[in-house]
Protein chains: 2
Amino acid sequence: MEKNIKPELNMEKIVSLARRRGFIFPSSEIYGGLSSCWDYGPLGVEMKRNVKDAWWQAMVHNRDDIVGLDTSIIMHPRVWEASGHVSGFSDPLVDCMNCKQRFRADLLEGDRCPNCGGDLTQPRQFNLMFKTFMGPVEDGASIAYLRPETAQGIFVNFNNVLNTTRKKLPFGIAQIGKSFRNEITTGNFIFRSREFEQMEIEYFVKPGDDEAQFKYWLDERLNWFLSLGIRKENLRLRQHRKDELAHYAKDCYDIEYFFPMGWSELEGIANRADFDMKQHSLYSGNELSYFDEETKKHIVPYVIEPSGGVDRTVLALLCDAYAEEPDRDEIRAVLHLHPSIAPFKVAILPLSRKEPVVNTARAVYSSLRRCFAASYDDAQSIGRRYRRQDEIGTPYCVTIDFDTLDDQAVTIRDRDSMRQLRVPVEQLTNALQAKLNGEPFETLPPGGKHWLGF
Amino acid sequence: MEKNIKPELNMEKIVSLARRRGFIFPSSEIYGGLSSCWDYGPLGVEMKRNVKDAWWQAMVHNRDDIVGLDTSIIMHPRVWEASGHVSGFSDPLVDCMNCKQRFRADLLEGDRCPNCGGDLTQPRQFNLMFKTFMGPVEDGASIAYLRPETAQGIFVNFNNVLNTTRKKLPFGIAQIGKSFRNEITTGNFIFRSREFEQMEIEYFVKPGDDEAQFKYWLDERLNWFLSLGIRKENLRLRQHRKDELAHYAKDCYDIEYFFPMGWSELEGIANRADFDMKQHSLYSGNELSYFDEETKKHIVPYVIEPSGGVDRTVLALLCDAYAEEPDRDEIRAVLHLHPSIAPFKVAILPLSRKEPVVNTARAVYSSLRRCFAASYDDAQSIGRRYRRQDEIGTPYCVTIDFDTLDDQAVTIRDRDSMRQLRVPVEQLTNALQAKLNGEPFETLPPGGKHWLGF
């Protein structure tokens, strides 16, 4: 797949395309929108499903050593005391004594209000967890939090998973789900929002094996992003400096993507050592540990945590796939999405609205959609329809024309090269399957002459 | 698939099996649990994924007239004023003036406290939406709610979806996602919890077509539950009485399942008329309507809403599939789950831990897991392993023994009939595929003699 370098890329183009084509809308838009919340539209929901399914397939189904979990968003409040979130998950805020606006102290450059120049208060710590109340009374005893990460749902279930699956170290537990952070500073489209979806693995290892496993997971996760078609030159690993390491982390790297606003975190991979297991054992009074059959001793596993963002992955995929390319006298916008991620794998485009062509096109559509996510589009000129499919990343278009009625063949048009191949209808499914898998496909027309190849 | 009538079924058996085998755990269990919140374990998460995928496949991918959406849980607070939830989504509560406990007034039988016999206050309306605050200030202006239903995310995006997909009436928008209700009375395992997952369709039709479409959807949704293998005699439709209809509903039926606690709602199907479209047009100042090409007029569609619970469907499937059956001198517990719902489709069970058998078993496992969710189990006796797989609903077990090394064949054992079939390894994938699809499969051994059939 050939992709152009895109110095022209800026976030506005991605936001505009996403909105215009039904990938992502501002949340509650008819009410003026809700700051930094987003809704996935008909194409976005399919693309996000594809990302999550690809992750689950690679991290859970294709492996013997990882099982899944789906824990609740509202957890026991003691969980967040043990994890350190109640005392430490906060930003320093200052108020302007004149205009009453609030700002993050660590992001201010001067010591006067950036809005009106007024005097600022001393910084106060502001906790980033969303607070709510469970049950009919709103008081301290009923406070609950929306989870700021899915990880803790995994830790508190360690014994349950161990007892029901009888896994041996090393093994992992994977989870995909929503998390919530009451961020003061949001932005860059779906990069940082208050409600977001995570894909997290907690991988439990013997102490001493942690550094080797940590290196393994850096490679493994980087390779996963490459397998989705993200260009290597737009990905990098960045080790956290000692002074930016979280309190629980022995070591941490970010997988960064070169977003329009610069290099930014796509996924964090941390060596959390035994911090979480020990904290929850202490706070809950229930020991989280593993009985080692070899040494006949209970050990507290170390934890390697690859923690990725679903929304950030969607954004990186959109940015990486977007290109503006010359097409005859015009410029086409195209999403070079990996076929596994594209909302539709194939679009069926009849070149006429006359009955025989439409009947054949409908029959082809019915047959293809049993195997592939397929779209049927008969509106406007064929050129505009190609443009529409290019812009939403559909890898292949199949056109049905009057010749089809004679030769029982159709034309497959390739999104990336824009080259075309004529294929007998009866070979169409196999041809598309081969193309989507990146395999060669050769075909001969009934007369024995080679069709135009890609 | 033969299923026994189960007068012996009670909820405790389901809760116990779900916990013991890793389907569903109490949330935050090591901290004493969190009232009526539940976590899906390694098997439960796969089963729930299967339910949601089956719904999405049937309701979105297999249809031309429905598209998907995934909207945020926290929405603009005005949404809930327009929908009527701020003013009307509440239960009447009374306080005991003596012991200070709270009760739902509509569930009390007498007029004195059921706990201590004290006097009760007059009922006050208690809103069931979870409240939180967005941004750094906790005041009236920052109040936000966790959505109590996914439906409103669909309504407020009506224009966005219409503009980006150019759908014609009738068409639908489907969504799966978490909702939250601060219920005072919870219980019956995952039947009523404060955090739950919904599968909702809003199906937009021309006014006048709504009653016929409503009937269509009653059938369509009932058939979907039947397609998952739920027994017909355990499902029924119940029409809401006039006095129990919600304020927005012109008509409503519940699809009820015969749970261990009695007939209870599995899914509600409502004719919401144009209530929501009109309310949001009024409150947002943005007209939600559809331009009818035939009459050249803007019309406000009517809405048919099939609204199902993911967790309730999981619970119904577990209850419906559970049986205790005689097996020689003992009783086996078995989940007769439909293959599409079972966490594993096949388990590979080597009858020896000696190298040649294990090598073959591992090779079979590697090959099968490319096509099916597969499990490998070599612990304890073959009888206990069959029991374990029966109890988690695995439709087929494949045993590899010393004969396999000679005849290159394996034994498939059927969960429901417990009958066995010997199949050449090279035909195993096809045989399982046929069995899982409910198709016949016949095989001949190399010598031409029929194997033992099912």
# chains A, B, ... in the order shown; residues from 1 in each chain; ligands from 1
>>> residues_around(residues="Phe214 in chain A", least_positions_apart="3", cutoff="10 Å", atoms="only C-alpha atoms", output="list in words")
Tyr203, Val205, Asp209, Asp210, Glu211, Trp217, Leu218, Asp219, Glu220, Asp251, Cys252, Tyr253, Ile269, Ala270, Asn271, Val303, Ile304, Glu305 and Pro306 of chain A
>>> select_by_dssp(residues="range 49-251 of chain B", states="helix (DSSP H, G or I)", output="PyMOL selection string")
chain B and resi 49-61+77-82+85-88+105-107+140-142+151-155+158-165+210-227+232-234+242-244
>>> residues_around(residues="range 91-106 of chain B", least_positions_apart="2", cutoff="10 Å", atoms="only C-alpha atoms", output="MDAnalysis selection string")
(chainID A and resid 135:137) or (chainID B and resid 88:89 108:128 183:185)
>>> closest_residue(among="B:Ala174, B:Glu149, B:Gln389, B:Asp406", to="Arg63 in chain B", atoms="only C-alpha atoms")
B:Ala174
>>> interface_residues(of="chain B", to="chain A", cutoff="7 Å", atoms="only C-alpha atoms", output="PyMOL selection string")
chain B and resi 20-22+27-28+30-31+34+37-42+45+67-72+75-76+130-136+156+161+164+182+184+284+286
>>> residues_around(residues="Leu318 in chain A", least_positions_apart="3", cutoff="8 Å", atoms="only C-alpha atoms", output="mmCIF file with all heavy atoms, in the first residue's frame")
data_model
loop_
_atom_site.group_PDB
_atom_site.id
_atom_site.type_symbol
_atom_site.label_atom_id
_atom_site.label_comp_id
_atom_site.auth_asym_id
_atom_site.auth_seq_id
_atom_site.Cartn_x
_atom_site.Cartn_y
_atom_site.Cartn_z
ATOM 1 N N ILE A 14 -9.133 16.259 9.435
ATOM 2 C CA ILE A 14 -9.604 14.974 9.968
ATOM 3 C C ILE A 14 -10.960 15.162 10.663
ATOM 4 O O ILE A 14 -11.892 14.372 10.464
ATOM 5 C CB ILE A 14 -8.566 14.397 10.968
ATOM 6 C CG1 ILE A 14 -7.227 14.158 10.266
ATOM 7 C CG2 ILE A 14 -9.075 13.117 11.606
ATOM 8 C CD1 ILE A 14 -7.248 13.131 9.181
ATOM 9 N N VAL A 314 -7.998 4.972 16.962
ATOM 10 C CA VAL A 314 -8.852 5.377 15.834
ATOM 11 C C VAL A 314 -8.307 6.667 15.214
ATOM 12 O O VAL A 314 -8.180 6.782 13.989
ATOM 13 C CB VAL A 314 -10.317 5.582 16.296
ATOM 14 C CG1 VAL A 314 -11.150 6.263 15.215
ATOM 15 C CG2 VAL A 314 -10.939 4.242 16.676
ATOM 16 N N LEU A 315 -7.934 7.628 16.065
ATOM 17 C CA LEU A 315 -7.431 8.904 15.553
ATOM 18 C C LEU A 315 -6.118 8.712 14.789
ATOM 19 O O LEU A 315 -5.930 9.277 13.704
ATOM 20 C CB LEU A 315 -7.232 9.892 16.716
ATOM 21 C CG LEU A 315 -6.762 11.297 16.334
ATOM 22 C CD1 LEU A 315 -7.715 11.970 15.357
ATOM 23 C CD2 LEU A 315 -6.584 12.169 17.586
ATOM 24 N N ALA A 321 -3.881 7.304 7.618
ATOM 25 C CA ALA A 321 -4.459 6.836 6.354
ATOM 26 C C ALA A 321 -4.818 7.982 5.420
ATOM 27 O O ALA A 321 -4.961 7.784 4.211
ATOM 28 C CB ALA A 321 -5.719 6.010 6.645
ATOM 29 N N TYR A 322 -4.946 9.162 5.983
ATOM 30 C CA TYR A 322 -5.460 10.279 5.176
ATOM 31 C C TYR A 322 -4.425 10.778 4.175
ATOM 32 O O TYR A 322 -3.259 10.997 4.511
ATOM 33 C CB TYR A 322 -5.868 11.434 6.086
ATOM 34 C CG TYR A 322 -6.485 12.592 5.332
ATOM 35 C CD1 TYR A 322 -7.816 12.567 4.958
ATOM 36 C CD2 TYR A 322 -5.721 13.715 4.997
ATOM 37 C CE1 TYR A 322 -8.390 13.620 4.257
ATOM 38 C CE2 TYR A 322 -6.280 14.774 4.294
ATOM 39 C CZ TYR A 322 -7.615 14.717 3.933
ATOM 40 O OH TYR A 322 -8.177 15.757 3.232
ATOM 41 N N LEU A 335 -8.705 7.693 2.295
ATOM 42 C CA LEU A 335 -8.234 7.047 3.528
ATOM 43 C C LEU A 335 -7.641 5.699 3.147
ATOM 44 O O LEU A 335 -8.370 4.786 2.751
ATOM 45 C CB LEU A 335 -9.387 6.835 4.510
ATOM 46 C CG LEU A 335 -9.937 8.029 5.283
ATOM 47 C CD1 LEU A 335 -11.053 7.568 6.234
ATOM 48 C CD2 LEU A 335 -8.848 8.738 6.082
ATOM 49 N N LEU A 337 -6.927 3.136 4.641
ATOM 50 C CA LEU A 337 -7.090 2.276 5.824
ATOM 51 C C LEU A 337 -6.736 0.833 5.495
ATOM 52 O O LEU A 337 -7.054 0.330 4.414
ATOM 53 C CB LEU A 337 -8.535 2.323 6.319
ATOM 54 C CG LEU A 337 -9.015 3.614 6.974
ATOM 55 C CD1 LEU A 337 -10.519 3.517 7.241
ATOM 56 C CD2 LEU A 337 -8.269 3.871 8.277
#
>>> residues_around(residues="Ser264 in chain A", least_positions_apart="2", cutoff="10 Å", atoms="only C-alpha atoms", output="list of chain:residue names")
A:Phe191, A:Leu235, A:Arg236, A:Arg238, A:Asp254, A:Ile255, A:Glu256, A:Tyr257, A:Phe258, A:Phe259, A:Pro260, A:Met261, A:Gly262, A:Leu266, A:Glu267, A:Arg312
>>> select_by_dssp(residues="range 254-331 of chain B", states="strand (DSSP E or B)", output="VMD selection string")
chain B and resid 254 to 259 262 to 273 290 to 292 297 to 299 302 to 309 322 to 327 330 to 331
>>> atom_distance(atom1="CA of Lys168 in chain A", atom2="CA of Gly393 in chain B")
23.7 Å
>>> atom_distance(atom1="CA of Glu324 in chain A", atom2="CA of Leu9 in chain A")
8.9 Å
>>> closest_residue(among="A:Glu330, A:Ser289, A:Ile400, A:Tyr302", to="Ala249 in chain A", atoms="only C-alpha atoms")
A:Tyr302
>>> residues_around(residues="Gly229 in chain B", least_positions_apart="2", cutoff="12 Å", atoms="only C-alpha atoms", output="ChimeraX atom specification")
/B:1-3,51,222-227,231-235,313,316-321,335-342
>>> closest_residue(among="A:His247, A:Arg362, A:Arg332, A:Arg353", to="Arg388 in chain A", atoms="only C-alpha atoms")
A:Arg332
